[in-house]
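To be precise, the following lines are entry31.tsv, and they hold TSV, N, CA and C atoms.
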```tsv
chain	number	residue	atom	x	y	z
K	765	MET	N	-113.15	59.09	-25.59
K	765	MET	CA	-113.54	59.37	-24.22
K	765	MET	C	-114.31	58.17	-23.67
K	766	LYS	N	-114.03	57.81	-22.43
K	766	LYS	CA	-114.69	56.69	-21.76
K	766	LYS	C	-116.15	57.03	-21.50
K	767	LYS	N	-116.99	55.98	-21.51
K	767	LYS	CA	-118.42	56.14	-21.24
K	767	LYS	C	-118.80	55.35	-20.00
K	768	ILE	N	-119.60	55.99	-19.15
K	768	ILE	CA	-120.12	55.34	-17.95
K	768	ILE	C	-121.64	55.39	-18.01
K	769	LEU	N	-122.26	54.23	-17.78
K	769	LEU	CA	-123.71	54.15	-17.70
K	769	LEU	C	-124.11	54.03	-16.24
K	770	ILE	N	-124.97	54.93	-15.79
K	770	ILE	CA	-125.49	54.92	-14.42
K	770	ILE	C	-126.92	54.38	-14.50
K	771	VAL	N	-127.19	53.31	-13.73
K	771	VAL	CA	-128.50	52.67	-13.78
K	771	VAL	C	-129.09	52.63	-12.37
K	772	ASP	N	-130.19	53.33	-12.20
K	772	ASP	CA	-130.89	53.33	-10.90
K	772	ASP	C	-132.31	53.79	-11.14
K	773	ASP	N	-133.27	53.18	-10.46
K	773	ASP	CA	-134.67	53.58	-10.63
K	773	ASP	C	-135.01	54.85	-9.86
K	774	GLU	N	-134.07	55.35	-9.06
K	774	GLU	CA	-134.27	56.61	-8.35
K	774	GLU	C	-133.51	57.72	-9.08
K	775	ALA	N	-134.26	58.65	-9.66
K	775	ALA	CA	-133.66	59.73	-10.44
K	775	ALA	C	-132.67	60.55	-9.61
K	776	ASP	N	-132.94	60.71	-8.31
K	776	ASP	CA	-132.03	61.48	-7.45
K	776	ASP	C	-130.65	60.82	-7.35
K	777	ILE	N	-130.61	59.50	-7.33
K	777	ILE	CA	-129.34	58.78	-7.26
K	777	ILE	C	-128.58	58.96	-8.58
K	778	VAL	N	-129.29	58.83	-9.70
K	778	VAL	CA	-128.66	59.03	-11.01
K	778	VAL	C	-128.07	60.43	-11.09
K	779	GLU	N	-128.82	61.42	-10.63
K	779	GLU	CA	-128.33	62.81	-10.66
K	779	GLU	C	-127.13	63.00	-9.74
K	780	LEU	N	-127.17	62.43	-8.54
K	780	LEU	CA	-126.07	62.55	-7.59
K	780	LEU	C	-124.79	61.92	-8.15
K	781	VAL	N	-124.90	60.69	-8.67
K	781	VAL	CA	-123.73	60.01	-9.21
K	781	VAL	C	-123.19	60.78	-10.42
K	782	SER	N	-124.09	61.32	-11.23
K	782	SER	CA	-123.67	62.13	-12.39
K	782	SER	C	-122.87	63.34	-11.94
K	783	MET	N	-123.32	64.00	-10.87
K	783	MET	CA	-122.60	65.17	-10.36
K	783	MET	C	-121.23	64.77	-9.83
K	784	ILE	N	-121.14	63.64	-9.14
K	784	ILE	CA	-119.86	63.17	-8.60
K	784	ILE	C	-118.88	62.87	-9.73
K	785	LEU	N	-119.37	62.21	-10.77
K	785	LEU	CA	-118.49	61.76	-11.85
K	785	LEU	C	-118.28	62.81	-12.93
K	786	ASP	N	-118.96	63.93	-12.82
K	786	ASP	CA	-118.83	65.00	-13.81
K	786	ASP	C	-117.38	65.46	-13.96
K	787	GLU	N	-116.65	65.43	-12.86
K	787	GLU	CA	-115.25	65.88	-12.90
K	787	GLU	C	-114.28	64.79	-13.35
K	788	ALA	N	-114.79	63.61	-13.69
K	788	ALA	CA	-113.93	62.50	-14.11
K	788	ALA	C	-113.56	62.58	-15.59
K	789	GLY	N	-114.16	63.51	-16.33
K	789	GLY	CA	-113.84	63.66	-17.75
K	789	GLY	C	-114.32	62.48	-18.59
K	790	VAL	N	-115.55	62.04	-18.35
K	790	VAL	CA	-116.13	60.92	-19.08
K	790	VAL	C	-117.49	61.31	-19.63
K	791	ASP	N	-117.97	60.54	-20.61
K	791	ASP	CA	-119.35	60.70	-21.08
K	791	ASP	C	-120.25	59.93	-20.13
K	792	LEU	N	-121.31	60.57	-19.66
K	792	LEU	CA	-122.23	59.92	-18.73
K	792	LEU	C	-123.54	59.61	-19.43
K	793	LEU	N	-124.01	58.39	-19.23
K	793	LEU	CA	-125.27	57.92	-19.77
K	793	LEU	C	-126.14	57.51	-18.59
K	794	ALA	N	-127.47	57.52	-18.76
K	794	ALA	CA	-128.36	57.16	-17.66
K	794	ALA	C	-129.47	56.23	-18.13
K	795	ALA	N	-129.82	55.30	-17.25
K	795	ALA	CA	-130.97	54.42	-17.46
K	795	ALA	C	-131.66	54.27	-16.11
K	796	TYR	N	-132.97	54.00	-16.15
K	796	TYR	CA	-133.74	53.96	-14.92
K	796	TYR	C	-134.27	52.57	-14.57
K	797	ASP	N	-133.85	51.56	-15.33
K	797	ASP	CA	-134.08	50.16	-14.98
K	797	ASP	C	-133.18	49.31	-15.86
K	798	GLY	N	-133.08	48.05	-15.55
K	798	GLY	CA	-132.17	47.17	-16.26
K	798	GLY	C	-132.52	46.97	-17.72
K	799	GLN	N	-133.80	46.95	-18.04
K	799	GLN	CA	-134.21	46.77	-19.43
K	799	GLN	C	-133.78	47.95	-20.29
K	800	GLU	N	-134.00	49.15	-19.79
K	800	GLU	CA	-133.55	50.35	-20.50
K	800	GLU	C	-132.02	50.35	-20.62
K	801	ALA	N	-131.34	49.87	-19.58
K	801	ALA	CA	-129.87	49.81	-19.61
K	801	ALA	C	-129.38	48.89	-20.73
K	802	LEU	N	-130.03	47.75	-20.92
K	802	LEU	CA	-129.63	46.83	-22.00
K	802	LEU	C	-129.71	47.50	-23.37
K	803	GLU	N	-130.74	48.29	-23.57
K	803	GLU	CA	-130.90	49.00	-24.84
K	803	GLU	C	-129.76	50.00	-25.04
K	804	ILE	N	-129.43	50.73	-24.00
K	804	ILE	CA	-128.35	51.72	-24.09
K	804	ILE	C	-127.00	51.02	-24.29
K	805	ILE	N	-126.80	49.90	-23.60
K	805	ILE	CA	-125.54	49.15	-23.72
K	805	ILE	C	-125.33	48.70	-25.16
K	806	SER	N	-126.38	48.21	-25.80
K	806	SER	CA	-126.24	47.72	-27.18
K	806	SER	C	-125.96	48.84	-28.16
K	807	GLU	N	-126.42	50.05	-27.86
K	807	GLU	CA	-126.21	51.19	-28.75
K	807	GLU	C	-124.94	51.97	-28.45
K	808	GLN	N	-124.62	52.13	-27.17
K	808	GLN	CA	-123.54	53.04	-26.75
K	808	GLN	C	-122.25	52.35	-26.31
K	809	HIS	N	-122.30	51.08	-25.95
K	809	HIS	CA	-121.13	50.31	-25.53
K	809	HIS	C	-120.31	51.01	-24.44
K	810	PRO	N	-120.91	51.23	-23.26
K	810	PRO	CA	-120.16	51.91	-22.19
K	810	PRO	C	-118.98	51.07	-21.70
K	811	ASP	N	-117.99	51.76	-21.15
K	811	ASP	CA	-116.80	51.11	-20.61
K	811	ASP	C	-117.04	50.59	-19.19
K	812	LEU	N	-117.95	51.25	-18.48
K	812	LEU	CA	-118.22	50.91	-17.09
K	812	LEU	C	-119.70	51.14	-16.82
K	813	ILE	N	-120.29	50.27	-16.01
K	813	ILE	CA	-121.70	50.39	-15.65
K	813	ILE	C	-121.80	50.40	-14.13
K	814	LEU	N	-122.42	51.43	-13.60
K	814	LEU	CA	-122.74	51.53	-12.18
K	814	LEU	C	-124.22	51.24	-12.07
K	815	THR	N	-124.60	50.16	-11.39
K	815	THR	CA	-126.01	49.81	-11.35
K	815	THR	C	-126.50	49.50	-9.94
K	816	ASP	N	-127.70	49.98	-9.68
K	816	ASP	CA	-128.41	49.61	-8.47
K	816	ASP	C	-128.75	48.13	-8.59
K	817	VAL	N	-129.00	47.47	-7.49
K	817	VAL	CA	-129.36	46.06	-7.52
K	817	VAL	C	-130.88	45.91	-7.56
K	818	MET	N	-131.59	46.60	-6.70
K	818	MET	CA	-133.04	46.48	-6.59
K	818	MET	C	-133.72	47.48	-7.53
K	819	MET	N	-134.23	46.96	-8.67
K	819	MET	CA	-134.91	47.81	-9.66
K	819	MET	C	-136.05	47.03	-10.29
K	820	PRO	N	-137.03	47.75	-10.84
K	820	PRO	CA	-138.13	47.06	-11.55
K	820	PRO	C	-137.68	46.55	-12.92
K	821	ARG	N	-138.52	45.74	-13.52
K	821	ARG	CA	-138.36	45.16	-14.86
K	821	ARG	C	-137.18	44.22	-14.98
K	822	LEU	N	-135.99	44.65	-14.63
K	822	LEU	CA	-134.79	43.81	-14.69
K	822	LEU	C	-133.84	44.34	-13.62
K	823	ASN	N	-133.60	43.54	-12.58
K	823	ASN	CA	-132.78	44.06	-11.48
K	823	ASN	C	-131.29	44.04	-11.84
K	824	GLY	N	-130.48	44.62	-10.98
K	824	GLY	CA	-129.06	44.76	-11.25
K	824	GLY	C	-128.32	43.44	-11.39
K	825	SER	N	-128.69	42.44	-10.59
K	825	SER	CA	-128.05	41.13	-10.69
K	825	SER	C	-128.34	40.48	-12.04
K	826	GLU	N	-129.60	40.56	-12.47
K	826	GLU	CA	-129.97	40.00	-13.78
K	826	GLU	C	-129.28	40.76	-14.91
K	827	LEU	N	-129.21	42.07	-14.77
K	827	LEU	CA	-128.52	42.89	-15.76
K	827	LEU	C	-127.05	42.48	-15.85
K	828	CYS	N	-126.40	42.34	-14.72
K	828	CYS	CA	-125.00	41.94	-14.69
K	828	CYS	C	-124.81	40.57	-15.33
K	829	ASP	N	-125.68	39.62	-14.99
K	829	ASP	CA	-125.58	38.28	-15.57
K	829	ASP	C	-125.68	38.32	-17.09
K	830	ARG	N	-126.58	39.13	-17.62
K	830	ARG	CA	-126.74	39.24	-19.08
K	830	ARG	C	-125.52	39.89	-19.73
K	831	ILE	N	-124.98	40.91	-19.09
K	831	ILE	CA	-123.79	41.58	-19.62
K	831	ILE	C	-122.61	40.61	-19.67
K	832	LYS	N	-122.40	39.88	-18.58
K	832	LYS	CA	-121.26	38.98	-18.48
K	832	LYS	C	-121.42	37.74	-19.37
K	833	ALA	N	-122.66	37.36	-19.68
K	833	ALA	CA	-122.90	36.18	-20.53
K	833	ALA	C	-122.77	36.48	-22.02
K	834	ASP	N	-122.83	37.75	-22.38
K	834	ASP	CA	-122.76	38.15	-23.79
K	834	ASP	C	-121.30	38.40	-24.17
K	835	PRO	N	-120.77	37.67	-25.15
K	835	PRO	CA	-119.36	37.85	-25.52
K	835	PRO	C	-119.01	39.28	-25.96
K	836	THR	N	-119.98	40.01	-26.47
K	836	THR	CA	-119.69	41.38	-26.92
K	836	THR	C	-119.59	42.37	-25.76
K	837	THR	N	-120.08	41.99	-24.58
K	837	THR	CA	-120.05	42.91	-23.43
K	837	THR	C	-119.41	42.30	-22.19
K	838	SER	N	-118.95	41.07	-22.28
K	838	SER	CA	-118.46	40.37	-21.09
K	838	SER	C	-117.28	41.05	-20.40
K	839	ASP	N	-116.51	41.86	-21.13
K	839	ASP	CA	-115.38	42.58	-20.53
K	839	ASP	C	-115.79	43.92	-19.92
K	840	THR	N	-117.05	44.30	-20.07
K	840	THR	CA	-117.52	45.57	-19.52
K	840	THR	C	-117.50	45.50	-17.99
K	841	VAL	N	-116.94	46.52	-17.37
K	841	VAL	CA	-116.88	46.57	-15.91
K	841	VAL	C	-118.26	46.92	-15.36
K	842	VAL	N	-118.72	46.11	-14.40
K	842	VAL	CA	-120.01	46.33	-13.74
K	842	VAL	C	-119.75	46.50	-12.25
K	843	ILE	N	-120.24	47.61	-11.70
K	843	ILE	CA	-120.12	47.88	-10.27
K	843	ILE	C	-121.52	48.05	-9.70
K	844	PHE	N	-121.83	47.27	-8.67
K	844	PHE	CA	-123.12	47.40	-8.00
K	844	PHE	C	-123.09	48.59	-7.05
K	845	MET	N	-124.20	49.32	-7.02
K	845	MET	CA	-124.45	50.35	-6.01
K	845	MET	C	-125.62	49.82	-5.19
K	846	THR	N	-125.38	49.52	-3.92
K	846	THR	CA	-126.43	48.89	-3.13
K	846	THR	C	-126.37	49.29	-1.67
K	847	ALA	N	-127.50	49.23	-1.01
K	847	ALA	CA	-127.55	49.47	0.43
K	847	ALA	C	-127.45	48.16	1.20
K	848	HIS	N	-127.57	47.03	0.50
K	848	HIS	CA	-127.55	45.72	1.14
K	848	HIS	C	-126.15	45.14	1.15
K	849	ARG	N	-125.62	44.96	2.33
K	849	ARG	CA	-124.31	44.33	2.47
K	849	ARG	C	-124.53	42.83	2.52
K	850	ARG	N	-123.87	42.15	1.61
K	850	ARG	CA	-124.05	40.70	1.57
K	850	ARG	C	-122.69	40.02	1.48
K	851	SER	N	-122.70	38.79	1.89
K	851	SER	CA	-121.47	38.02	1.76
K	851	SER	C	-121.69	36.98	0.67
K	852	GLY	N	-120.62	36.39	0.22
K	852	GLY	CA	-120.74	35.40	-0.83
K	852	GLY	C	-120.34	35.96	-2.17
K	853	PRO	N	-120.41	35.12	-3.19
K	853	PRO	CA	-119.95	35.54	-4.52
K	853	PRO	C	-120.83	36.63	-5.12
K	854	CYS	N	-120.22	37.45	-5.92
K	854	CYS	CA	-120.91	38.55	-6.58
K	854	CYS	C	-120.49	38.54	-8.05
K	855	ALA	N	-121.46	38.61	-8.94
K	855	ALA	CA	-121.16	38.57	-10.38
K	855	ALA	C	-120.53	39.87	-10.85
K	856	ALA	N	-120.73	40.94	-10.12
K	856	ALA	CA	-120.18	42.24	-10.52
K	856	ALA	C	-118.68	42.30	-10.26
K	857	ASP	N	-118.03	43.25	-10.92
K	857	ASP	CA	-116.59	43.44	-10.75
K	857	ASP	C	-116.27	44.18	-9.46
K	858	GLY	N	-117.25	44.90	-8.93
K	858	GLY	CA	-117.04	45.67	-7.72
K	858	GLY	C	-118.36	46.06	-7.11
K	859	CYS	N	-118.29	46.67	-5.94
K	859	CYS	CA	-119.50	47.06	-5.23
K	859	CYS	C	-119.20	48.30	-4.41
K	860	ILE	N	-120.14	49.22	-4.41
K	860	ILE	CA	-120.03	50.38	-3.53
K	860	ILE	C	-121.36	50.48	-2.79
K	861	TYR	N	-121.26	50.71	-1.48
K	861	TYR	CA	-122.44	50.68	-0.64
K	861	TYR	C	-123.02	52.07	-0.41
K	862	LYS	N	-124.35	52.13	-0.49
K	862	LYS	CA	-125.09	53.36	-0.22
K	862	LYS	C	-125.29	53.46	1.29
K	863	PRO	N	-125.25	54.62	1.88
K	863	PRO	CA	-124.86	55.87	1.23
K	863	PRO	C	-123.35	55.86	1.00
K	864	PHE	N	-122.94	56.26	-0.19
K	864	PHE	CA	-121.52	56.21	-0.51
K	864	PHE	C	-120.88	57.57	-0.35
K	865	ASP	N	-119.58	57.51	-0.12
K	865	ASP	CA	-118.76	58.70	0.00
K	865	ASP	C	-118.41	59.16	-1.41
K	866	ASN	N	-118.59	60.44	-1.70
K	866	ASN	CA	-118.35	60.97	-3.04
K	866	ASN	C	-116.93	60.69	-3.52
K	867	GLY	N	-115.94	60.93	-2.66
K	867	GLY	CA	-114.55	60.69	-3.02
K	867	GLY	C	-114.28	59.22	-3.28
K	868	GLN	N	-114.90	58.36	-2.47
K	868	GLN	CA	-114.72	56.92	-2.66
K	868	GLN	C	-115.31	56.48	-3.99
K	869	MET	N	-116.47	57.02	-4.34
K	869	MET	CA	-117.11	56.69	-5.62
K	869	MET	C	-116.21	57.09	-6.78
K	870	LEU	N	-115.73	58.31	-6.76
K	870	LEU	CA	-114.88	58.82	-7.83
K	870	LEU	C	-113.58	58.02	-7.93
K	871	SER	N	-112.98	57.72	-6.79
K	871	SER	CA	-111.73	56.94	-6.77
K	871	SER	C	-111.94	55.54	-7.33
K	872	LEU	N	-113.02	54.88	-6.94
K	872	LEU	CA	-113.30	53.53	-7.43
K	872	LEU	C	-113.49	53.52	-8.94
K	873	VAL	N	-114.24	54.47	-9.45
K	873	VAL	CA	-114.49	54.55	-10.89
K	873	VAL	C	-113.19	54.81	-11.64
K	874	GLN	N	-112.38	55.75	-11.15
K	874	GLN	CA	-111.11	56.05	-11.81
K	874	GLN	C	-110.18	54.84	-11.80
K	875	GLN	N	-110.21	54.09	-10.71
K	875	GLN	CA	-109.38	52.88	-10.60
K	875	GLN	C	-109.77	51.89	-11.69
K	876	TYR	N	-111.04	51.64	-11.87
K	876	TYR	CA	-111.48	50.68	-12.88
K	876	TYR	C	-111.26	51.19	-14.30
K	877	LEU	N	-111.44	52.48	-14.51
K	877	LEU	CA	-111.25	53.03	-15.86
K	877	LEU	C	-109.78	53.03	-16.27
K	878	SER	N	-108.87	53.11	-15.30
K	878	SER	CA	-107.45	53.16	-15.64
K	878	SER	C	-106.81	51.78	-15.71
K	879	ALA	N	-107.53	50.75	-15.25
K	879	ALA	CA	-106.98	49.39	-15.29
K	879	ALA	C	-106.98	48.88	-16.72
K	880	PRO	N	-105.95	48.11	-17.10
K	880	PRO	CA	-105.93	47.55	-18.46
K	880	PRO	C	-107.04	46.52	-18.61
K	881	PRO	N	-107.61	46.40	-19.80
K	881	PRO	CA	-108.63	45.37	-20.03
K	881	PRO	C	-108.04	43.99	-19.75
K	882	PRO	N	-108.88	43.03	-19.34
K	882	PRO	CA	-108.37	41.70	-19.00
K	882	PRO	C	-107.54	41.07	-20.11
K	883	SER	N	-107.90	41.29	-21.35
K	883	SER	CA	-107.17	40.68	-22.46
K	883	SER	C	-105.78	41.30	-22.64
K	884	MET	N	-105.56	42.48	-22.05
K	884	MET	CA	-104.29	43.15	-22.19
K	884	MET	C	-103.41	43.02	-20.96
K	885	SER	N	-103.93	42.43	-19.89
K	885	SER	CA	-103.13	42.35	-18.68
K	885	SER	C	-101.98	41.37	-18.86
K	886	LEU	N	-100.89	41.67	-18.20
K	886	LEU	CA	-99.69	40.85	-18.32
K	886	LEU	C	-99.72	39.75	-17.27
K	887	THR	N	-99.31	38.56	-17.64
K	887	THR	CA	-99.23	37.47	-16.67
K	887	THR	C	-97.79	37.00	-16.60
K	888	ARG	N	-97.41	36.46	-15.47
K	888	ARG	CA	-96.05	35.96	-15.27
K	888	ARG	C	-96.10	34.48	-15.01
```
Translate the structure described by the file into structure tokens.
Amino acid sequence: MKKILIVDDEADIVELVSMILDEAGVDLLAAYDGQEALEIISEQHPDLILTDVMMPRLNGSELCDRIKADPTTSDTVVIFMTAHRRSGPCAADGCIYKPFDNGQMLSLVQQYLSAPPPSMSLTR
């Protein structure tokens, strides 16, 4: 079964996202800051991480940079959940803006979970 880690310093957001993804048939994990997320990632190896950007101790951008820099986790899908719309490059694999639509959140997660890992994708 696929594992999703939800990372946000607001417990209400973690609970809301958990309720939305409950019907996706996945194991849900939760962390309340980036540092706690790193500990869970090393123990649980989630397939996808949904993370807030603005958090204490270790923000979402720093968390994403560490995940992508580590060869053991670099293929892990990271999606930012943020209220800040920005332009320019993003280290994450995707982004969903708060307040998000429940159906859009579920669809985005299912899309990433069903995509083949980069090492398995076919090239022409």
Handout entry: CA of Pro820 (chain K) to CA of Ala795 (chain K), distance in Å rounded to a single decimal
Key =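 Going from CA of Pro820 (chain K) over to CA of Ala795 (chain K), I get 11.8 Å.
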Practice task
Could you check how far CA of Val790 (chain K) sits from CA of Ala847 (chain K), in Å to one decimal?
Solution key: 25.3 Å
Practice task
Would you mind listing what lies within 10 Å of Met765 (chain K) as a VMD selection string, with only C-alpha atoms counted and same-chain residues fewer than 2 positions away left out?
Solution key: chain K and resid 767 to 768 789 to 791 811
Problem - Nearest to Pro863 (chain K), chosen from K:Ala788, K:Ala879, K:Thr846, K:Leu814, with only N, CA and C atoms counted in the distances - result: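 Of the candidates, the smallest distance to Pro863 (chain K) is held by K:Thr846.
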Exercise for the section: Quick one: everything within 7 Å of Pro810 (chain K), counting only N, CA and C atoms, minus sequence neighbours fewer than 5 positions away in the same chain. Send it as a PyMOL selection string. Expected result: chain K and resi 766-769+804-805+840-841
Go ahead and save the residues from that selection, with N, CA and C atoms, as a tab-separated table (two decimals), in the frame of the given file.
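Final output, saved to again_25.tsv:
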```
chain	number	residue	atom	x	y	z
K	766	LYS	N	-114.03	57.81	-22.43
K	766	LYS	CA	-114.69	56.69	-21.76
K	766	LYS	C	-116.15	57.03	-21.50
K	767	LYS	N	-116.99	55.98	-21.51
K	767	LYS	CA	-118.42	56.14	-21.24
K	767	LYS	C	-118.80	55.35	-20.00
K	768	ILE	N	-119.60	55.99	-19.15
K	768	ILE	CA	-120.12	55.34	-17.95
K	768	ILE	C	-121.64	55.39	-18.01
K	769	LEU	N	-122.26	54.23	-17.78
K	769	LEU	CA	-123.71	54.15	-17.70
K	769	LEU	C	-124.11	54.03	-16.24
K	804	ILE	N	-129.43	50.73	-24.00
K	804	ILE	CA	-128.35	51.72	-24.09
K	804	ILE	C	-127.00	51.02	-24.29
K	805	ILE	N	-126.80	49.90	-23.60
K	805	ILE	CA	-125.54	49.15	-23.72
K	805	ILE	C	-125.33	48.70	-25.16
K	840	THR	N	-117.05	44.30	-20.07
K	840	THR	CA	-117.52	45.57	-19.52
K	840	THR	C	-117.50	45.50	-17.99
K	841	VAL	N	-116.94	46.52	-17.37
K	841	VAL	CA	-116.88	46.57	-15.91
K	841	VAL	C	-118.26	46.92	-15.36
```
Exercise for the section: With a distance cut-off of 8 Å and all atoms listed in the file, select the neighbouring residues of region 775-781 of chain K, excluding the residue or stretch itself and same-chain residues fewer than 3 positions from it, and output the selection as a PyMOL selection string. Expected result: chain K and resi 770-772+784-786+794-796
Practice task
Record the distance separating atom C of Gln808 (chain K) and atom N of Asp829 (chain K), expressed in Å with one decimal.
Solution key: 17.4 Å
Problem - Distance criterion (only C-alpha atoms): nearest to Gly824 (chain K) out of K:Ile860, K:Leu877, K:Ile843, K:Leu872 - result: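 Nearest candidate to Gly824 (chain K) out of K:Ile860, K:Leu877, K:Ile843, K:Leu872: K:Ile843.
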Exercise for the section: Find the residue from K:Thr815, K:His809, K:Asp857, K:Gly867 that sits nearest to Thr837 (chain K); use all atoms listed in the file when measuring. Expected result: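 The answer is K:His809, which sits nearest to Thr837 (chain K).
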Problem - DSSP-assigned strand (DSSP E) members of region 767-849 of chain K, reported as a VMD selection string - result: chain K and resid 767 to 771 791 to 795 812 to 816 841 to 846
